[in-house]
file final-v3.txt (compact mmCIF, C-alpha atoms)
# COMPACT_ATOMS: atom_id res chain seq x y z
CA MET A 1 -74.57 18.83 29.78
CA ASP A 2 -74.11 15.93 32.22
CA GLU A 3 -70.89 14.86 33.97
CA ARG A 4 -70.08 12.23 31.35
CA GLN A 5 -70.35 14.68 28.46
CA LYS A 6 -68.28 17.26 30.35
CA LEU A 7 -65.47 14.77 30.91
CA LEU A 8 -65.68 13.57 27.29
CA GLU A 9 -65.38 17.14 26.00
CA GLN A 10 -62.27 17.66 28.14
CA ILE A 11 -60.71 14.58 26.55
CA MET A 12 -61.79 15.82 23.10
CA ALA A 13 -60.09 19.16 23.77
CA TYR A 14 -56.74 17.59 24.74
CA ASP A 15 -56.94 15.12 21.84
CA PHE A 16 -57.64 17.96 19.43
CA CYS A 17 -54.57 19.83 20.70
CA MET A 18 -52.57 16.66 20.00
CA ILE A 19 -53.90 16.51 16.42
CA ASP A 20 -53.01 20.15 15.85
CA LEU A 21 -49.58 20.01 17.51
CA GLY A 22 -48.89 16.75 15.68
CA LEU A 23 -49.42 18.43 12.30
CA PHE A 24 -47.20 21.33 13.36
CA LEU A 25 -44.47 18.91 14.45
CA ASP A 26 -44.67 17.06 11.11
CA THR A 27 -43.27 20.16 9.40
CA HIS A 28 -41.32 21.49 12.44
CA PRO A 29 -39.93 18.25 13.94
CA SER A 30 -37.22 20.02 15.99
CA ASP A 31 -39.50 22.55 17.71
CA ALA A 32 -38.90 21.82 21.42
CA ASN A 33 -41.83 23.91 22.69
CA ALA A 34 -44.36 22.15 20.49
CA LEU A 35 -42.95 18.77 21.51
CA HIS A 36 -43.23 19.74 25.17
CA ASP A 37 -46.86 20.87 24.70
CA PHE A 38 -47.68 17.66 22.82
CA ARG A 39 -46.35 15.58 25.73
CA THR A 40 -48.33 17.61 28.26
CA CYS A 41 -51.58 17.13 26.28
CA TRP A 42 -50.84 13.42 25.91
CA GLN A 43 -50.40 13.02 29.67
CA GLU A 44 -53.56 14.99 30.53
CA SER A 45 -55.62 13.14 27.92
CA GLU A 46 -54.36 9.77 29.14
CA LYS A 47 -55.28 10.60 32.75
CA LEU A 48 -58.82 11.70 31.86
CA ARG A 49 -59.31 8.80 29.46
CA LYS A 50 -58.54 6.27 32.20
CA LEU A 51 -60.98 8.04 34.51
CA TYR A 52 -63.68 8.11 31.81
CA GLU A 53 -63.29 4.47 30.80
CA GLU A 54 -63.42 3.26 34.41
CA LYS A 55 -66.64 5.20 34.97
CA TYR A 56 -68.50 5.03 31.65
CA GLY A 57 -67.00 2.20 29.59
CA PRO A 58 -64.61 1.93 26.64
CA LEU A 59 -63.75 4.84 24.36
CA SER A 60 -61.87 2.49 22.05
CA LEU A 61 -61.04 -1.19 21.63
CA ARG A 62 -57.59 -0.46 23.10
CA HIS A 63 -59.36 -0.42 26.48
CA LEU A 64 -59.20 -3.80 28.25
CA PRO A 65 -62.80 -5.06 28.29
CA ASN A 66 -64.70 -6.02 31.40
CA PRO A 67 -64.38 -9.85 31.85
CA ASN A 68 -68.14 -10.33 32.18
CA CYS A 69 -69.72 -8.37 29.35
CA TRP A 70 -69.04 -6.71 26.00
CA GLN A 71 -69.75 -3.07 26.87
CA TRP A 72 -68.64 -1.63 23.52
CA ILE A 73 -72.11 -1.85 21.97
CA ASP A 74 -73.85 -0.30 24.98
CA THR A 75 -72.03 3.03 25.26
CA PRO A 76 -73.38 5.85 23.05
CA TRP A 77 -72.11 6.56 19.52
CA PRO A 78 -70.89 10.09 18.90
CA TRP A 79 -73.42 10.88 16.15
CA GLU A 80 -76.35 10.34 18.47
CA LYS A 81 -77.92 13.55 19.78
CA GLU A 82 -78.58 11.70 23.02
CA ALA A 83 -74.86 10.88 23.33
CA MET B 1 -54.21 1.10 10.07
CA TRP B 2 -56.63 2.97 12.26
CA TYR B 3 -58.33 2.60 15.62
CA TYR B 4 -61.77 4.04 16.29
CA ASP B 5 -62.35 6.45 19.17
CA LYS B 6 -65.97 6.77 20.27
CA LYS B 7 -66.02 10.56 20.03
CA LEU B 8 -66.01 13.30 17.41
CA GLU B 9 -63.03 15.55 16.76
CA TYR B 10 -65.22 18.53 17.75
CA PRO B 11 -68.73 18.45 19.29
CA VAL B 12 -71.83 18.42 17.05
CA MET B 13 -75.11 18.88 18.91
CA ILE B 14 -77.82 20.31 16.63
CA ARG B 15 -81.12 20.77 18.46
CA LYS B 16 -83.28 22.07 15.60
CA GLN B 17 -84.09 19.97 12.52
CA ASP B 18 -83.34 21.76 9.23
CA PRO B 19 -83.52 19.60 6.09
CA ARG B 20 -82.83 22.65 3.91
CA MET B 21 -79.35 23.06 5.50
CA ALA B 22 -78.78 19.29 5.37
CA LYS B 23 -79.23 19.43 1.59
CA TYR B 24 -76.44 22.03 1.35
CA ILE B 25 -74.07 20.66 4.01
CA ILE B 26 -74.06 17.17 2.46
CA THR B 27 -71.82 18.52 -0.29
CA GLN B 28 -69.00 18.46 2.26
CA TYR B 29 -69.71 14.72 2.63
CA GLY B 30 -69.72 13.68 -1.04
CA GLY B 31 -69.15 16.84 -3.09
CA PRO B 32 -66.14 18.06 -5.13
CA ASP B 33 -64.46 19.91 -2.25
CA GLY B 34 -65.78 17.64 0.49
CA GLU B 35 -64.10 15.67 3.24
CA LEU B 36 -64.30 12.27 1.52
CA ALA B 37 -62.46 13.60 -1.53
CA ALA B 38 -59.93 15.30 0.75
CA SER B 39 -59.23 12.19 2.78
CA LEU B 40 -58.88 9.92 -0.27
CA ARG B 41 -56.67 12.48 -2.02
CA TYR B 42 -54.14 12.75 0.82
CA LEU B 43 -54.19 9.11 1.89
CA SER B 44 -53.55 8.07 -1.74
CA GLN B 45 -50.83 10.66 -2.41
CA ARG B 46 -48.88 9.86 0.78
CA PHE B 47 -47.40 6.69 -0.75
CA HIS B 48 -45.20 8.58 -3.21
CA MET B 49 -44.11 11.51 -1.04
CA PRO B 50 -40.31 11.98 -1.18
CA THR B 51 -39.50 13.25 2.34
CA LYS B 52 -40.39 12.10 5.85
CA GLU B 53 -42.14 15.42 6.60
CA THR B 54 -44.41 15.20 3.54
CA GLN B 55 -45.24 11.53 4.16
CA ALA B 56 -46.24 12.40 7.71
CA ILE B 57 -48.27 15.49 6.86
CA LEU B 58 -50.33 13.72 4.17
CA ASN B 59 -50.91 10.70 6.40
CA ASP B 60 -51.98 12.80 9.36
CA ILE B 61 -54.12 15.36 7.50
CA GLY B 62 -55.75 12.51 5.52
CA THR B 63 -56.61 10.89 8.85
CA GLU B 64 -58.02 14.13 10.28
CA GLU B 65 -60.24 14.47 7.18
CA LEU B 66 -61.89 11.15 8.10
CA ALA B 67 -62.85 12.73 11.42
CA HIS B 68 -64.28 15.70 9.50
CA LEU B 69 -66.27 13.33 7.28
CA GLU B 70 -67.75 11.87 10.45
CA MET B 71 -68.66 15.35 11.75
CA ILE B 72 -70.43 16.24 8.47
CA GLY B 73 -72.30 12.91 8.46
CA THR B 74 -73.35 13.60 12.04
CA MET B 75 -74.63 17.06 11.09
CA VAL B 76 -76.68 15.73 8.15
CA HIS B 77 -78.07 12.96 10.36
CA GLN B 78 -79.08 15.30 13.18
CA LEU B 79 -80.61 17.85 10.79
CA THR B 80 -82.84 15.26 9.10
CA LYS B 81 -83.61 12.63 11.75
CA GLY B 82 -87.38 12.27 12.18
CA VAL B 83 -88.29 15.03 9.68
CA PRO B 84 -91.69 14.24 8.07
CA VAL B 85 -91.66 13.38 4.34
CA ASP B 86 -93.67 16.44 3.25
CA VAL B 87 -91.19 18.73 5.08
CA LEU B 88 -88.24 16.95 3.42
CA GLU B 89 -89.91 17.44 0.05
CA LYS B 90 -90.56 21.15 0.63
CA ALA B 91 -86.85 21.54 1.52
CA GLY B 92 -85.89 20.10 -1.88
CA LEU B 93 -85.06 16.62 -0.57
CA GLY B 94 -87.93 14.73 -2.29
CA SER B 95 -85.60 13.17 -4.88
CA TYR B 96 -83.02 12.35 -2.22
CA TYR B 97 -85.70 10.71 -0.06
CA SER B 98 -86.88 8.48 -2.91
CA ASP B 99 -83.38 7.04 -3.33
CA HIS B 100 -82.00 7.15 0.22
CA ASP B 101 -84.76 7.88 2.76
CA ARG B 102 -82.97 9.91 5.48
CA ALA B 103 -79.76 7.89 5.13
CA VAL B 104 -76.40 9.63 4.78
CA TYR B 105 -75.09 9.06 1.24
CA PRO B 106 -72.17 10.84 -0.48
CA VAL B 107 -73.63 13.36 -2.94
CA ASN B 108 -73.02 17.02 -3.70
CA ALA B 109 -75.56 19.78 -2.95
CA SER B 110 -77.43 19.04 -6.21
CA GLY B 111 -77.65 15.30 -5.48
CA VAL B 112 -74.88 14.11 -7.85
CA PRO B 113 -73.15 11.04 -6.33
CA PHE B 114 -69.50 11.12 -5.27
CA THR B 115 -66.88 10.36 -7.91
CA ALA B 116 -63.13 9.74 -7.61
CA ALA B 117 -62.79 12.23 -10.48
CA TYR B 118 -63.01 14.93 -7.76
CA LEU B 119 -59.44 14.11 -6.76
CA GLN B 120 -56.06 13.51 -8.31
CA SER B 121 -53.01 11.54 -7.29
CA LYS B 122 -50.55 12.54 -9.99
CA GLY B 123 -47.32 11.02 -8.75
CA ASP B 124 -45.56 14.38 -9.15
CA VAL B 125 -44.95 15.89 -5.71
CA ILE B 126 -45.04 19.53 -6.88
CA ALA B 127 -48.31 19.01 -8.78
CA ASP B 128 -49.87 17.06 -5.92
CA LEU B 129 -48.98 19.51 -3.15
CA HIS B 130 -50.31 22.40 -5.22
CA GLU B 131 -53.55 20.47 -5.73
CA ASP B 132 -53.73 19.90 -1.97
CA MET B 133 -53.30 23.60 -1.21
CA ALA B 134 -55.96 24.53 -3.77
CA ALA B 135 -58.29 21.86 -2.33
CA GLU B 136 -57.99 23.38 1.15
CA GLN B 137 -58.85 26.85 -0.18
CA LYS B 138 -61.87 25.49 -2.11
CA ALA B 139 -63.11 23.71 1.00
CA ARG B 140 -62.54 26.90 3.06
CA ALA B 141 -64.66 28.84 0.53
CA THR B 142 -67.41 26.18 0.63
CA TYR B 143 -67.59 26.42 4.43
CA GLU B 144 -67.94 30.21 4.12
CA PHE B 145 -70.81 29.79 1.62
CA LEU B 146 -72.49 27.31 3.99
CA LEU B 147 -72.07 29.76 6.89
CA ASN B 148 -73.86 32.39 4.78
CA LEU B 149 -76.86 30.06 4.44
CA THR B 150 -77.79 29.63 8.13
CA ASP B 151 -78.30 31.58 11.36
CA ASP B 152 -78.46 28.53 13.64
CA PRO B 153 -75.55 28.74 16.14
CA ASP B 154 -75.63 24.93 16.61
CA VAL B 155 -74.86 24.57 12.88
CA LYS B 156 -72.49 27.53 12.57
CA ASP B 157 -70.21 26.40 15.41
CA PRO B 158 -68.96 23.12 13.86
CA LEU B 159 -68.88 24.75 10.38
CA ARG B 160 -66.58 27.47 11.76
CA PHE B 161 -64.33 24.84 13.33
CA LEU B 162 -64.10 22.97 10.01
CA ARG B 163 -63.40 26.20 8.10
CA GLU B 164 -60.51 26.99 10.43
CA ARG B 165 -59.02 23.54 9.92
CA GLU B 166 -58.91 24.16 6.13
CA VAL B 167 -56.88 27.32 6.73
CA LEU B 168 -54.51 25.43 9.03
CA HIS B 169 -54.08 22.52 6.58
CA PHE B 170 -53.31 25.00 3.78
CA GLN B 171 -50.54 26.41 5.95
CA ARG B 172 -49.04 22.95 6.68
CA PHE B 173 -49.18 21.94 2.97
CA GLY B 174 -47.41 25.18 2.11
CA GLU B 175 -44.64 24.27 4.54
CA ALA B 176 -44.46 20.76 3.08
CA LEU B 177 -44.08 22.25 -0.41
CA ARG B 178 -41.28 24.55 0.82
CA ILE B 179 -39.45 21.59 2.40
CA VAL B 180 -39.70 19.58 -0.84
CA GLN B 181 -38.50 22.50 -2.94
CA GLU B 182 -35.51 23.03 -0.62
CA VAL B 183 -34.54 19.37 -0.90
CA MET B 184 -34.96 19.37 -4.70
CA GLY B 185 -33.03 22.64 -4.97
CA THR B 186 -29.91 21.49 -3.13
CA LYS B 187 -26.90 20.72 -5.30
CA LYS B 188 -26.06 17.06 -5.51
CA TYR B 189 -22.39 16.04 -5.26
CA TYR B 190 -21.26 12.62 -6.39
call {"tool": "encode", "arguments": {"input": "final-v3.txt", "output": "structure tokens"}}
result
Amino acid sequence: MDERQKLLEQIMAYDFCMIDLGLFLDTHPSDANALHDFRTCWQESEKLRKLYEEKYGPLSLRHLPNPNCWQWIDTPWPWEKEA
Amino acid sequence: MWYYDKKLEYPVMIRKQDPRMAKYIITQYGGPDGELAASLRYLSQRFHMPTKETQAILNDIGTEELAHLEMIGTMVHQLTKGVPVDVLEKAGLGSYYSDHDRAVYPVNASGVPFTAAYLQSKGDVIADLHEDMAAEQKARATYEFLLNLTDDPDVKDPLRFLREREVLHFQRFGEALRIVQEVMGTKKYY
């Protein structure tokens, strides 16, 4: 696994924790521990996402595009084995 | 609305082609207990949910199911990409090939196309949440059957992840049902 994939999998791990904690909070909205963990994952994910997008290009269209070229179509799609 | 993230919910990296497994796994794409049916079921039912917790849980699980649909499509794609026609045919995919080549198309394991009759949106919150809990158990069972059909760790790993999500969703729907029953059971004073 190369550096890019390693970083992407770290982001995927934090984002998955957010999905899971989010579902838990939907039915336990006043659980302070879960809310705290959700915020921690959000902050870690955000940090790594910025790092990834600066280095390897956009993960989503929420990322401000480079003024000179449309990189979105050049970065790999997640279903590609080569990705 | 939704934004797309250029990543899967959980990694899928299948090194060995296996059209036989693709033929079985595709049922979780377009079959009766598959991810497309799950997503459509919850995203349709969310509109008539009576509490903020149940609206949120159906919206968010329905969204996660779309990510599962993408994982299953990715698995089918990686298992069949570049497989020669005679190998596809020996694996039982000759009929599929004649209609779809190696494209990903929503069918069940026997090749029957997806139908909205696989899901219900009844408008009755008790009926709908029970259907959702049953749907998660049926999908959990399907993932266990699929796990019995392969030894490839690259295939088993994402299937195990998806199986665990069904168990977790069942738990959350159970809590949603309890919340609704508590609200409906409280005495109303006018």
call {"tool": "interface_residues", "arguments": {"input": "final-v3.txt", "of": "chain A", "to": "chain B", "cutoff": "6 Å", "atoms": "only C-alpha atoms", "output": "mmCIF file with C-alpha atoms, keeping the file's coordinate frame"}}
result
data_model
loop_
_atom_site.group_PDB
_atom_site.id
_atom_site.type_symbol
_atom_site.label_atom_id
_atom_site.label_comp_id
_atom_site.auth_asym_id
_atom_site.auth_seq_id
_atom_site.Cartn_x
_atom_site.Cartn_y
_atom_site.Cartn_z
ATOM 1 C CA ASP A 26 -44.670 17.060 11.110
ATOM 2 C CA THR A 27 -43.270 20.160 9.400
ATOM 3 C CA LEU A 59 -63.750 4.840 24.360
ATOM 4 C CA SER A 60 -61.870 2.490 22.050
ATOM 5 C CA PRO A 78 -70.890 10.090 18.900
ATOM 6 C CA TRP A 79 -73.420 10.880 16.150
#
call {"tool": "atom_distance", "arguments": {"input": "final-v3.txt", "atom1": "atom CA of Asp15 of chain A", "atom2": "atom CA of Met1 of chain B"}}
result
18.5 Å
call {"tool": "closest_residue", "arguments": {"input": "final-v3.txt", "among": "A:Phe24, A:Tyr14, A:Trp72, A:Trp77", "to": "Glu46 of chain A", "atoms": "only C-alpha atoms"}}
result
A:Tyr14
call {"tool": "atom_distance", "arguments": {"input": "final-v3.txt", "atom1": "atom CA of Ile25 of chain B", "atom2": "atom CA of Glu131 of chain B"}}
result
22.7 Å
call {"tool": "residues_around", "arguments": {"input": "final-v3.txt", "residues": "Pro106 of chain B", "least_positions_apart": "5", "cutoff": "7 Å", "atoms": "all atoms listed in the file", "output": "VMD selection string"}}
result
chain B and resid 29 to 30 113 to 114
call {"tool": "build_atoms", "arguments": {"input": "final-v3.txt", "residues": "segment 132-148 of chain B", "atoms": "N, CA and C atoms", "output": "mmCIF file, in the frame of the given file"}}
result
data_model
loop_
_atom_site.group_PDB
_atom_site.id
_atom_site.type_symbol
_atom_site.label_atom_id
_atom_site.label_comp_id
_atom_site.auth_asym_id
_atom_site.auth_seq_id
_atom_site.Cartn_x
_atom_site.Cartn_y
_atom_site.Cartn_z
ATOM 1 N N ASP B 132 -53.276 19.994 -3.364
ATOM 2 C CA ASP B 132 -53.730 19.900 -1.970
ATOM 3 C C ASP B 132 -53.990 21.298 -1.395
ATOM 4 N N MET B 133 -53.116 22.229 -1.706
ATOM 5 C CA MET B 133 -53.300 23.600 -1.210
ATOM 6 C C MET B 133 -54.548 24.223 -1.814
ATOM 7 N N ALA B 134 -54.752 23.999 -3.120
ATOM 8 C CA ALA B 134 -55.960 24.530 -3.770
ATOM 9 C C ALA B 134 -57.210 23.886 -3.175
ATOM 10 N N ALA B 135 -57.142 22.578 -2.890
ATOM 11 C CA ALA B 135 -58.290 21.860 -2.330
ATOM 12 C C ALA B 135 -58.682 22.448 -0.978
ATOM 13 N N GLU B 136 -57.694 22.792 -0.161
ATOM 14 C CA GLU B 136 -57.990 23.380 1.150
ATOM 15 C C GLU B 136 -58.664 24.739 0.991
ATOM 16 N N GLN B 137 -58.219 25.537 0.028
ATOM 17 C CA GLN B 137 -58.850 26.850 -0.180
ATOM 18 C C GLN B 137 -60.273 26.696 -0.706
ATOM 19 N N LYS B 138 -60.510 25.703 -1.587
ATOM 20 C CA LYS B 138 -61.870 25.490 -2.110
ATOM 21 C C LYS B 138 -62.797 25.025 -0.994
ATOM 22 N N ALA B 139 -62.290 24.171 -0.119
ATOM 23 C CA ALA B 139 -63.110 23.710 1.000
ATOM 24 C C ALA B 139 -63.373 24.868 1.971
ATOM 25 N N ARG B 140 -62.366 25.716 2.197
ATOM 26 C CA ARG B 140 -62.540 26.900 3.060
ATOM 27 C C ARG B 140 -63.647 27.786 2.487
ATOM 28 N N ALA B 141 -63.626 28.009 1.172
ATOM 29 C CA ALA B 141 -64.660 28.840 0.530
ATOM 30 C C ALA B 141 -66.036 28.194 0.683
ATOM 31 N N THR B 142 -66.117 26.874 0.492
ATOM 32 C CA THR B 142 -67.410 26.180 0.630
ATOM 33 C C THR B 142 -67.961 26.372 2.043
ATOM 34 N N TYR B 143 -67.113 26.227 3.056
ATOM 35 C CA TYR B 143 -67.590 26.420 4.430
ATOM 36 C C TYR B 143 -68.098 27.846 4.636
ATOM 37 N N GLU B 144 -67.462 28.825 3.988
ATOM 38 C CA GLU B 144 -67.940 30.210 4.120
ATOM 39 C C GLU B 144 -69.303 30.363 3.451
ATOM 40 N N PHE B 145 -69.497 29.717 2.287
ATOM 41 C CA PHE B 145 -70.810 29.790 1.620
ATOM 42 C C PHE B 145 -71.870 29.133 2.514
ATOM 43 N N LEU B 146 -71.526 27.992 3.112
ATOM 44 C CA LEU B 146 -72.490 27.310 3.990
ATOM 45 C C LEU B 146 -72.822 28.183 5.201
ATOM 46 N N LEU B 147 -71.815 28.865 5.746
ATOM 47 C CA LEU B 147 -72.070 29.760 6.890
ATOM 48 C C LEU B 147 -73.009 30.898 6.514
ATOM 49 N N ASN B 148 -72.963 31.318 5.229
ATOM 50 C CA ASN B 148 -73.860 32.390 4.780
ATOM 51 C C ASN B 148 -75.304 31.922 4.664
#
